[in-house]
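Engineer: One file is attached below, work_13.csv, containing CSV, C-alpha atoms.
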chain,number,residue,atom,x,y,z
A,1,MET,CA,4.0,-23.7,1.3
A,2,ILE,CA,5.6,-20.4,2.2
A,3,TYR,CA,3.0,-17.6,2.0
A,4,PHE,CA,4.6,-14.2,1.2
A,5,ASP,CA,1.5,-12.4,-0.2
A,6,ASN,CA,0.2,-10.8,2.9
A,7,ALA,CA,-0.2,-7.4,1.3
A,8,ALA,CA,-3.0,-8.9,-0.8
A,9,THR,CA,-4.5,-10.7,2.2
A,10,THR,CA,-3.0,-12.0,5.4
A,11,TRP,CA,-2.8,-15.8,5.8
A,12,PRO,CA,-3.0,-17.8,8.0
A,13,LYS,CA,-5.6,-16.0,10.1
A,14,PRO,CA,-5.4,-16.3,13.9
A,15,ARG,CA,-7.4,-19.2,15.2
A,16,ALA,CA,-9.7,-16.8,17.1
A,17,VAL,CA,-10.8,-15.4,13.7
A,18,THR,CA,-11.8,-18.7,12.1
A,19,GLU,CA,-13.6,-19.8,15.3
A,20,ALA,CA,-15.5,-16.5,15.5
A,21,VAL,CA,-16.8,-16.9,11.9
A,22,LYS,CA,-17.7,-20.5,12.6
A,23,ARG,CA,-19.7,-19.6,15.6
A,24,SER,CA,-21.5,-16.8,13.7
A,25,LEU,CA,-22.5,-19.4,11.1
A,26,SER,CA,-23.6,-22.2,13.5
A,27,ASP,CA,-25.1,-20.3,16.4
A,28,PRO,CA,-28.4,-18.3,16.1
A,29,PHE,CA,-27.3,-15.2,14.2
A,30,GLY,CA,-29.9,-13.0,12.6
A,31,ASN,CA,-29.9,-9.9,10.5
A,32,PRO,CA,-28.5,-7.0,12.7
A,33,GLY,CA,-30.8,-4.0,12.9
A,34,ARG,CA,-33.6,-5.8,11.1
A,35,GLY,CA,-35.5,-7.4,14.1
A,36,SER,CA,-35.9,-7.5,17.8
A,37,HIS,CA,-35.7,-11.2,18.4
A,38,LYS,CA,-32.7,-12.9,20.1
A,39,ALA,CA,-31.0,-14.0,16.9
A,40,ALA,CA,-31.0,-10.5,15.4
A,41,ALA,CA,-29.9,-9.1,18.7
A,42,SER,CA,-26.9,-11.4,18.8
A,43,ALA,CA,-25.7,-10.3,15.5
A,44,ALA,CA,-26.3,-6.6,16.4
A,45,LYS,CA,-24.3,-7.0,19.5
A,46,THR,CA,-21.4,-8.5,17.5
A,47,VAL,CA,-21.5,-5.6,15.0
A,48,TYR,CA,-21.6,-3.0,17.7
A,49,GLU,CA,-18.7,-4.6,19.6
A,50,LEU,CA,-16.7,-4.4,16.3
A,51,ARG,CA,-17.5,-0.7,16.1
A,52,GLU,CA,-16.4,-0.3,19.7
A,53,GLU,CA,-13.1,-2.1,19.2
A,54,ALA,CA,-12.3,-0.3,16.0
A,55,ALA,CA,-13.2,3.1,17.5
A,56,GLU,CA,-10.8,2.5,20.4
A,57,LEU,CA,-8.0,1.4,18.0
A,58,PHE,CA,-8.5,4.4,15.6
A,59,GLY,CA,-9.5,7.1,18.1
A,60,ALA,CA,-13.1,7.6,17.1
A,61,ASP,CA,-16.7,7.2,18.4
A,62,PRO,CA,-18.2,3.8,17.8
A,63,LEU,CA,-21.2,5.3,15.9
A,64,ASN,CA,-18.7,6.9,13.5
A,65,VAL,CA,-17.4,3.5,12.4
A,66,VAL,CA,-19.0,2.3,9.2
A,67,LEU,CA,-18.8,-1.3,7.9
A,68,THR,CA,-17.9,-1.8,4.3
A,69,SER,CA,-17.1,-4.7,2.0
A,70,SER,CA,-13.5,-3.4,1.3
A,71,ALA,CA,-11.2,-0.5,1.4
A,72,THR,CA,-12.1,0.1,-2.2
A,73,GLN,CA,-15.8,0.5,-1.4
A,74,GLY,CA,-15.0,2.8,1.5
A,75,LEU,CA,-12.7,5.0,-0.6
A,76,ASN,CA,-15.4,5.3,-3.3
A,77,PHE,CA,-17.9,6.3,-0.6
A,78,ALA,CA,-15.5,8.8,0.9
A,79,ILE,CA,-14.1,10.4,-2.2
A,80,LYS,CA,-17.4,10.6,-4.2
A,81,GLY,CA,-19.3,11.6,-1.1
A,82,ALA,CA,-16.9,14.5,-0.2
A,83,ALA,CA,-16.3,15.8,-3.7
A,84,ARG,CA,-18.2,18.9,-4.7
A,85,LYS,CA,-18.7,20.1,-8.3
A,86,GLY,CA,-15.7,22.3,-9.3
A,87,CYS,CA,-13.5,21.2,-6.3
A,88,THR,CA,-9.9,19.9,-6.7
A,89,ILE,CA,-8.9,16.5,-5.5
A,90,LEU,CA,-5.3,16.1,-4.7
A,91,PHE,CA,-3.7,12.6,-4.4
A,92,SER,CA,-0.2,11.3,-4.1
A,93,ASP,CA,2.0,9.5,-6.7
A,94,LEU,CA,1.8,6.4,-4.5
A,95,GLU,CA,-1.9,5.8,-4.7
A,96,HIS,CA,-3.6,2.5,-5.5
A,97,ASN,CA,-6.2,2.3,-8.2
A,98,SER,CA,-8.9,2.2,-5.5
A,99,VAL,CA,-8.1,5.9,-5.2
A,100,ARG,CA,-6.9,6.8,-8.7
A,101,ARG,CA,-9.8,5.3,-10.6
A,102,PRO,CA,-12.7,7.0,-8.7
A,103,VAL,CA,-10.8,10.3,-8.7
A,104,LEU,CA,-10.2,10.2,-12.4
A,105,SER,CA,-13.8,9.1,-13.0
A,106,LEU,CA,-15.0,12.3,-11.3
A,107,ARG,CA,-12.5,14.3,-13.3
A,108,ASP,CA,-13.3,12.7,-16.7
A,109,SER,CA,-17.0,13.4,-16.1
A,110,GLY,CA,-16.2,17.1,-15.7
A,111,TYR,CA,-17.2,17.1,-12.1
A,112,CYS,CA,-13.9,18.2,-10.5
A,113,HIS,CA,-10.3,19.0,-11.1
A,114,THR,CA,-7.4,16.8,-10.0
A,115,ASP,CA,-3.7,17.1,-9.3
A,116,ILE,CA,-0.9,14.9,-7.9
A,117,TYR,CA,1.6,15.7,-5.2
A,118,GLY,CA,4.8,13.8,-5.0
A,119,SER,CA,6.1,11.4,-2.4
A,120,HIS,CA,9.7,12.6,-3.2
A,121,GLY,CA,11.3,9.4,-2.0
A,122,GLY,CA,9.9,9.9,1.5
A,123,ASP,CA,11.3,13.4,2.0
A,124,ASN,CA,8.6,14.9,4.2
A,125,GLU,CA,9.7,18.5,3.8
A,126,ARG,CA,9.4,18.2,0.0
A,127,ILE,CA,6.1,16.4,0.2
A,128,ILE,CA,4.5,19.1,2.4
A,129,SER,CA,5.9,21.9,0.3
A,130,ASP,CA,4.5,20.3,-2.9
A,131,LEU,CA,1.1,19.9,-1.2
A,132,ILE,CA,0.9,23.4,0.1
A,133,ALA,CA,1.7,24.8,-3.4
A,134,LYS,CA,-1.3,22.9,-4.9
A,135,ILE,CA,-3.9,23.0,-2.2
A,136,GLU,CA,-6.9,25.3,-2.7
A,137,PRO,CA,-8.3,26.4,0.7
A,138,GLY,CA,-11.9,25.6,1.2
A,139,ASN,CA,-12.2,23.8,-2.1
A,140,CYS,CA,-10.0,20.6,-1.8
A,141,VAL,CA,-10.3,17.0,-1.0
A,142,VAL,CA,-6.9,15.5,-0.2
A,143,VAL,CA,-6.2,11.8,-0.3
A,144,ALA,CA,-3.1,10.1,1.1
A,145,ASN,CA,-2.0,6.5,1.1
A,146,TYR,CA,-0.4,6.2,4.5
A,147,ALA,CA,1.8,3.3,3.5
A,148,SER,CA,2.4,2.1,-0.1
A,149,ASN,CA,1.4,-1.4,-1.2
A,150,VAL,CA,4.4,-1.5,-3.4
A,151,CYS,CA,7.2,-0.5,-1.1
A,152,ASN,CA,7.7,0.7,2.5
A,153,LEU,CA,7.4,4.4,1.8
A,154,THR,CA,4.9,6.2,4.0
A,155,LEU,CA,3.4,9.7,3.8
A,156,PRO,CA,3.4,12.1,6.7
A,157,VAL,CA,-0.3,11.9,7.4
A,158,SER,CA,-0.1,13.9,10.6
A,159,GLN,CA,1.5,16.9,8.9
A,160,ILE,CA,-0.9,16.6,5.9
A,161,GLY,CA,-3.8,16.5,8.3
A,162,GLU,CA,-2.6,19.7,10.0
A,163,ILE,CA,-2.5,21.4,6.6
A,164,CYS,CA,-6.0,20.1,5.7
A,165,LYS,CA,-7.4,21.4,9.0
A,166,LYS,CA,-5.9,24.9,8.4
A,167,THR,CA,-7.2,25.1,4.8
A,168,GLY,CA,-10.6,23.6,5.5
A,169,SER,CA,-9.9,20.6,3.3
A,170,VAL,CA,-11.4,17.1,3.6
A,171,PHE,CA,-8.7,14.6,4.4
A,172,ILE,CA,-9.2,11.0,3.3
A,173,VAL,CA,-6.6,8.4,4.3
A,174,ASP,CA,-6.1,5.0,2.7
A,175,ALA,CA,-5.0,2.7,5.5
A,176,SER,CA,-4.9,-0.5,3.5
A,177,GLN,CA,-1.3,-1.2,4.3
A,178,SER,CA,-1.1,0.7,7.6
A,179,ALA,CA,-4.0,-0.5,9.7
A,180,GLY,CA,-2.7,-3.1,12.0
A,181,HIS,CA,0.9,-2.1,11.3
A,182,PHE,CA,1.0,1.5,12.5
A,183,ASN,CA,-0.9,3.4,15.2
A,184,VAL,CA,-3.5,5.6,13.5
A,185,ASP,CA,-5.8,8.1,15.3
A,186,VAL,CA,-8.3,10.1,13.3
A,187,GLU,CA,-8.5,12.9,15.8
A,188,LYS,CA,-4.8,13.3,16.6
A,189,MET,CA,-4.0,13.2,12.9
A,190,ASN,CA,-6.8,15.4,11.7
A,191,ILE,CA,-8.2,12.7,9.4
A,192,SER,CA,-11.7,13.2,8.1
A,193,VAL,CA,-12.3,9.7,6.9
A,194,LEU,CA,-10.0,6.7,7.4
A,195,CYS,CA,-10.7,3.7,5.0
A,196,MET,CA,-9.3,0.2,5.3
A,197,PRO,CA,-9.9,-3.4,4.5
A,198,GLY,CA,-10.5,-6.0,7.2
A,199,HIS,CA,-8.6,-8.8,5.6
A,200,LYS,CA,-5.1,-7.4,5.6
A,201,GLY,CA,-3.3,-6.0,8.6
A,202,LEU,CA,-6.4,-6.5,10.8
A,203,TYR,CA,-6.4,-10.3,10.0
A,204,GLY,CA,-10.1,-10.5,9.4
A,205,PRO,CA,-12.0,-12.2,6.6
A,206,MET,CA,-12.1,-11.0,3.0
A,207,GLY,CA,-15.2,-9.0,2.1
A,208,THR,CA,-14.9,-6.8,5.2
A,209,GLY,CA,-13.7,-3.2,5.6
A,210,LEU,CA,-14.2,-0.1,7.7
A,211,MET,CA,-14.7,3.7,7.2
A,212,VAL,CA,-13.8,5.6,10.4
A,213,PHE,CA,-15.1,9.2,10.5
A,214,SER,CA,-13.7,12.0,12.7
A,215,LYS,CA,-16.0,13.8,15.0
A,216,SER,CA,-16.0,17.0,12.8
A,217,ALA,CA,-16.7,14.9,9.6
A,218,ALA,CA,-19.5,13.1,11.4
A,219,GLU,CA,-21.1,16.3,12.5
A,220,SER,CA,-21.3,17.5,8.8
A,221,ILE,CA,-22.2,14.0,7.4
A,222,SER,CA,-25.3,15.3,5.6
A,223,SER,CA,-22.9,17.2,3.3
A,224,PHE,CA,-21.4,13.8,2.2
A,225,SER,CA,-23.3,12.6,-0.9
A,226,THR,CA,-24.4,8.9,-0.9
A,227,LEU,CA,-23.3,6.5,-3.6
A,228,ILE,CA,-25.7,3.6,-2.9
A,229,GLU,CA,-29.2,3.9,-1.3
A,230,GLY,CA,-31.4,1.3,0.2
A,231,GLY,CA,-32.7,-0.2,3.4
A,232,SER,CA,-31.0,0.9,6.6
A,233,GLY,CA,-33.3,-0.5,9.3
A,234,VAL,CA,-34.2,3.1,10.5
A,235,ASP,CA,-36.5,5.9,9.1
A,236,SER,CA,-38.1,3.5,6.6
A,237,GLU,CA,-40.6,6.1,5.5
A,238,ASP,CA,-37.9,8.6,4.6
A,239,THR,CA,-37.1,8.6,0.8
A,240,GLY,CA,-33.4,9.4,1.4
A,241,MET,CA,-30.7,7.8,3.4
A,242,PRO,CA,-30.4,8.7,7.0
A,243,SER,CA,-28.4,11.8,7.8
A,244,VAL,CA,-26.5,10.1,10.6
A,245,LEU,CA,-23.8,7.6,10.9
A,246,PRO,CA,-23.3,4.7,10.5
A,247,GLU,CA,-26.6,4.1,8.7
A,248,ARG,CA,-25.9,6.8,6.0
A,249,PHE,CA,-23.2,4.5,4.4
A,250,GLU,CA,-24.6,1.1,5.3
A,251,PRO,CA,-27.4,0.4,2.8
A,252,GLY,CA,-28.6,-3.2,2.9
A,253,THR,CA,-27.5,-6.0,5.2
A,254,VAL,CA,-24.0,-5.7,6.5
A,255,ASN,CA,-21.7,-8.6,6.4
A,256,ALA,CA,-22.3,-9.6,10.0
A,257,HIS,CA,-20.5,-13.0,9.7
A,258,GLY,CA,-17.5,-11.2,8.4
A,259,ALA,CA,-17.9,-8.6,11.2
A,260,ALA,CA,-17.6,-11.5,13.7
A,261,GLY,CA,-14.3,-12.5,12.2
A,262,LEU,CA,-13.0,-8.9,11.9
A,263,LEU,CA,-13.9,-8.2,15.6
A,264,ALA,CA,-11.7,-11.2,16.5
A,265,GLY,CA,-9.0,-10.0,14.2
A,266,ILE,CA,-8.9,-6.5,15.7
A,267,GLN,CA,-8.9,-8.0,19.2
A,268,TRP,CA,-5.9,-10.2,18.2
A,269,VAL,CA,-4.0,-7.2,16.8
A,270,LYS,CA,-4.6,-5.3,20.0
A,271,ARG,CA,-3.4,-8.2,22.2
A,272,THR,CA,-0.3,-8.7,19.9
A,273,GLY,CA,0.5,-5.0,19.5
A,274,THR,CA,1.3,-3.1,16.4
A,275,ALA,CA,4.8,-2.5,17.6
A,276,ARG,CA,5.4,-6.3,17.9
A,277,ILE,CA,3.9,-7.0,14.5
A,278,ARG,CA,6.0,-4.3,12.9
A,279,LYS,CA,9.2,-5.5,14.7
A,280,ASN,CA,8.7,-9.0,13.2
A,281,GLU,CA,8.1,-7.6,9.7
A,282,ASN,CA,11.2,-5.4,9.9
A,283,ARG,CA,13.3,-8.4,11.1
A,284,LEU,CA,12.2,-10.5,8.2
A,285,TRP,CA,12.9,-7.7,5.7
A,286,LEU,CA,16.4,-7.1,7.0
A,287,ASP,CA,17.2,-10.8,6.9
A,288,LEU,CA,16.0,-11.2,3.3
A,289,TYR,CA,17.8,-8.0,2.2
A,290,GLU,CA,21.1,-9.1,3.8
A,291,ARG,CA,20.9,-12.5,2.2
A,292,THR,CA,20.1,-11.2,-1.3
A,293,SER,CA,22.3,-8.1,-1.4
A,294,CYS,CA,25.3,-10.1,-2.4
A,295,SER,CA,23.9,-10.3,-6.0
A,296,ASP,CA,24.3,-7.3,-8.2
A,297,ARG,CA,21.5,-8.6,-10.4
A,298,ILE,CA,18.9,-8.0,-7.7
A,299,THR,CA,17.4,-4.6,-7.4
A,300,VAL,CA,15.3,-3.8,-4.2
A,301,TYR,CA,13.0,-0.8,-4.6
A,302,GLY,CA,12.2,1.9,-2.0
A,303,ASP,CA,14.3,4.1,0.3
A,304,GLY,CA,15.8,1.2,2.2
A,305,THR,CA,13.3,1.4,5.0
A,306,PRO,CA,12.5,-2.1,6.4
A,307,GLY,CA,8.9,-3.1,6.7
A,308,ALA,CA,6.2,-5.5,5.5
A,309,ILE,CA,6.9,-5.2,1.8
A,310,PHE,CA,10.0,-6.4,-0.1
A,311,PRO,CA,9.7,-5.4,-3.8
A,312,PHE,CA,12.5,-6.5,-6.2
A,313,ASN,CA,13.5,-7.4,-9.7
A,314,ILE,CA,16.2,-9.7,-11.1
A,315,LYS,CA,18.0,-8.3,-14.1
A,316,GLY,CA,17.1,-10.1,-17.3
A,317,VAL,CA,14.3,-12.1,-15.7
A,318,PRO,CA,10.7,-10.8,-16.1
A,319,PRO,CA,8.9,-10.6,-12.7
A,320,SER,CA,6.2,-12.9,-13.9
A,321,GLU,CA,8.8,-15.6,-14.6
A,322,VAL,CA,10.4,-15.1,-11.2
A,323,GLY,CA,7.0,-15.5,-9.6
A,324,ARG,CA,6.4,-18.7,-11.6
A,325,LEU,CA,9.8,-20.2,-10.6
A,326,LEU,CA,9.1,-19.3,-6.9
A,327,ASP,CA,5.6,-20.8,-7.1
A,328,GLU,CA,7.1,-24.1,-8.4
A,329,LYS,CA,9.0,-24.3,-5.0
A,330,GLY,CA,5.9,-23.4,-3.0
A,331,ILE,CA,6.7,-19.8,-2.4
A,332,CYS,CA,3.7,-17.5,-2.9
A,333,VAL,CA,4.5,-13.9,-4.1
A,334,ARG,CA,2.8,-11.3,-6.3
A,335,THR,CA,4.1,-9.9,-9.5
A,336,GLY,CA,3.2,-7.1,-11.9
A,337,LEU,CA,1.9,-3.7,-11.1
A,338,HIS,CA,-0.1,-4.6,-8.0
A,339,CYS,CA,-3.0,-2.3,-9.0
A,340,SER,CA,-0.6,0.7,-8.4
A,341,PRO,CA,0.9,1.8,-11.7
A,342,LEU,CA,1.5,5.3,-10.3
A,343,ALA,CA,3.7,3.9,-7.5
A,344,HIS,CA,5.6,1.7,-9.9
A,345,LYS,CA,6.2,4.7,-12.2
A,346,THR,CA,7.4,6.7,-9.2
A,347,LEU,CA,9.8,3.9,-8.2
A,348,GLY,CA,11.0,3.2,-11.7
A,349,THR,CA,10.4,-0.5,-11.7
A,350,GLY,CA,9.7,-0.7,-15.4
A,351,GLU,CA,6.6,-1.5,-17.5
A,352,ASP,CA,6.4,-5.1,-16.1
A,353,GLY,CA,6.3,-4.0,-12.5
A,354,ALA,CA,8.2,-6.0,-9.9
A,355,VAL,CA,8.1,-9.1,-7.7
A,356,ARG,CA,6.5,-8.3,-4.3
A,357,ILE,CA,7.2,-10.3,-1.2
A,358,SER,CA,5.0,-9.2,1.7
A,359,PHE,CA,5.4,-10.4,5.2
A,360,GLY,CA,2.8,-11.3,7.9
A,361,PHE,CA,3.1,-11.9,11.6
A,362,PHE,CA,3.3,-15.7,11.2
A,363,ASN,CA,6.2,-15.7,8.7
A,364,THR,CA,9.6,-16.9,10.0
A,365,LEU,CA,13.3,-16.4,9.4
A,366,ARG,CA,13.5,-20.0,8.1
A,367,GLU,CA,11.1,-18.9,5.4
A,368,THR,CA,13.2,-15.9,4.4
A,369,GLU,CA,16.3,-18.0,4.3
A,370,GLU,CA,14.6,-20.5,2.0
A,371,ALA,CA,13.2,-17.7,-0.2
A,372,ALA,CA,16.6,-16.0,-0.4
A,373,ASP,CA,18.3,-19.2,-1.5
A,374,ARG,CA,15.8,-19.7,-4.3
A,375,ILE,CA,15.9,-16.1,-5.4
A,376,LEU,CA,19.7,-16.2,-5.6
A,377,LYS,CA,19.5,-19.4,-7.7
A,378,ILE,CA,17.2,-17.7,-10.2
A,379,ALA,CA,19.6,-14.7,-10.3
A,380,LYS,CA,22.5,-17.1,-11.2
A,381,GLN,CA,20.6,-18.8,-14.1
Could you render the structure from this file as structure tokens?

Structural biologist:
Amino acid sequence: MIYFDNAATTWPKPRAVTEAVKRSLSDPFGNPGRGSHKAAASAAKTVYELREEAAELFGADPLNVVLTSSATQGLNFAIKGAARKGCTILFSDLEHNSVRRPVLSLRDSGYCHTDIYGSHGGDNERIISDLIAKIEPGNCVVVANYASNVCNLTLPVSQIGEICKKTGSVFIVDASQSAGHFNVDVEKMNISVLCMPGHKGLYGPMGTGLMVFSKSAAESISSFSTLIEGGSGVDSEDTGMPSVLPERFEPGTVNAHGAAGLLAGIQWVKRTGTARIRKNENRLWLDLYERTSCSDRITVYGDGTPGAIFPFNIKGVPPSEVGRLLDEKGICVRTGLHCSPLAHKTLGTGEDGAVRISFGFFNTLRETEEAADRILKIAKQ
């Protein structure tokens, strides 16, 4: 099998990840923060080590790292927590439904206003100009998808962060396709809240994720509304959630077994290096592009920037059919709208979306050669 669906979840996982999860399930491993015995302490140590490793990777304090079940949960916590009645939420035309749906839910309930700023084909000057024209100082939440899950377009998060800092806006970044691929620092980029899954570029298990708060956002955390309330292991007599991180956004038992795997995944990413990971993805993209560009029936979307994602269509063949034919040969891809109809509309892929090949660190040039051969055969049918 050739696995080219790493934007959905990376596979295979590094051996250290699977071994860490196995140990957490077989060795004494209690409920972190819910007891003082050795088993609970072992789990708590693992969870805190994860916070430390993530904090170092993303430029934050360990106590400002919150464990979630996914990027989607984190984005809901961040967006709905930061929004204030009557505020405006700005988001880009590349956003995933994990941003679009919670934002529109707030709008449709009459709670806030929304607007969209354009990605303009990756033209940073136009992106910033569009954003400045729409931002309302002191009354905005700005959301940016650092890297699209449909193509290799990225948004200028550092520049957006500077504008948000100057205008007193909360800045939330979706790092679903950038964590583990690009260097991200919440302080240097003026990001208020960084949200990500654990199972994609960080090579951890599914059902894991992180919210990373900047120092300034953490200092005003009591102004962030909570979406879910419950046990936190501290201040049990208080009727509200704690006004400190990470407990404010960690109601109930955290996925400590998943945390063990995510800890190993982040450590693996650090040892490997994001530059090396990205270099391999770029090499695979360029090889596949070179091999398939000979066919005028194949359209590749994006601005031509190499990267982890290779979205394409074959003229006259629905993407779902291309996916089926590739699957018959053991090549795993994803087809359709990829939960990002906004991005597909922006790219002009059509109502059926596109075929998405997405690379991981363990893919090889032999696999891109085999995939290209099969794609060209489909295009000739």

Engineer: Tell me, in Å to one decimal, how far atom CA of Gln267 of chain A is from atom CA of Gly74 of chain A.

Structural biologist: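 Here the two named atoms are 21.6 Å from each other.
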
Engineer: Quick one, how far is atom CA of Ser214 of chain A from atom CA of Ser192 of chain A?

Structural biologist: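 Taking atom CA of Ser214 of chain A as the start and atom CA of Ser192 of chain A as the end point, the length is 5.2 Å.
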
Engineer: Skip Ala16 of chain A itself and residues of its chain fewer than 2 positions away, then list as a list in words all residues within 12 Å of it, counting only C-alpha atoms.

Structural biologist: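 Result of the neighbour search: Pro12, Lys13, Pro14, Thr18, Glu19, Ala20, Val21, Lys22, Arg23, Tyr203, Gly204, Pro205, Ala260, Gly261, Leu262, Leu263, Ala264, Gly265, Ile266, Gln267, Trp268, Val269 and Arg271 of chain A.
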
Engineer: To one decimal place, how far is atom CA of Arg283 of chain A from atom CA of Phe361 of chain A in Å?

Structural biologist: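 Going from atom CA of Arg283 of chain A over to atom CA of Phe361 of chain A, I get 10.8 Å.
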
Engineer: Just the residues within 6 Å of Met211 of chain A, please, counting all atoms listed in the file, with nothing from its chain fewer than 3 positions along; format it as JSON, numbers by chain.

Structural biologist: {"A": [65, 66, 74, 194, 195]}

Engineer: Please list as a tab-separated table (two decimals) with C-alpha atoms, in the frame of the given file every residue within 8 Å of Ala78 of chain A, counting only C-alpha atoms and excluding residues in the same chain fewer than 5 positions away.

Structural biologist:
chain	number	residue	atom	x	y	z
A	172	ILE	CA	-9.20	11.00	3.30
A	193	VAL	CA	-12.30	9.70	6.90
A	224	PHE	CA	-21.40	13.80	2.20

Engineer: For Val300 of chain A, which of A:Leu347, A:Val17, A:Ile160, A:Val244 is the closest residue, counting all atoms listed in the file?

Structural biologist: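 Selected residue with least distance to Val300 of chain A: A:Leu347.
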
Engineer: Which neighbours of Asn363 of chain A fall inside 9 Å, counting only C-alpha atoms, when residues of the same chain fewer than 2 positions from it are skipped, and could you give them as an MDAnalysis selection string?

Structural biologist: chainID A and resid 2:4 280:281 284 359:361 365:368

Engineer: Excluding same-chain residues fewer than 4 positions from segment 373-378 of chain A, what lies within 8 Å of it counting all atoms listed in the file, as a PyMOL selection string?

Structural biologist: chain A and resi 292+295+322+325-326+369

Engineer: Which residue out of A:Gly198, A:Gly81, A:Gly307, A:Gly30 has the minimum interatomic distance to His181 of chain A when all atoms listed in the file are used?

Structural biologist: A:Gly307

Engineer: My list of candidates is A:Thr46, A:Ser109, A:Thr335, A:Ser36. Which is closest to Asp5 of chain A when distances are computed with all atoms listed in the file?

Structural biologist: A:Thr335

Engineer: Just give me the residues with any atom within 9 Å of (6.3, 12.9, 8.8), file coordinates, counting only C-alpha atoms, written as a PyMOL selection string.

Structural biologist: chain A and resi 122-125+154-160
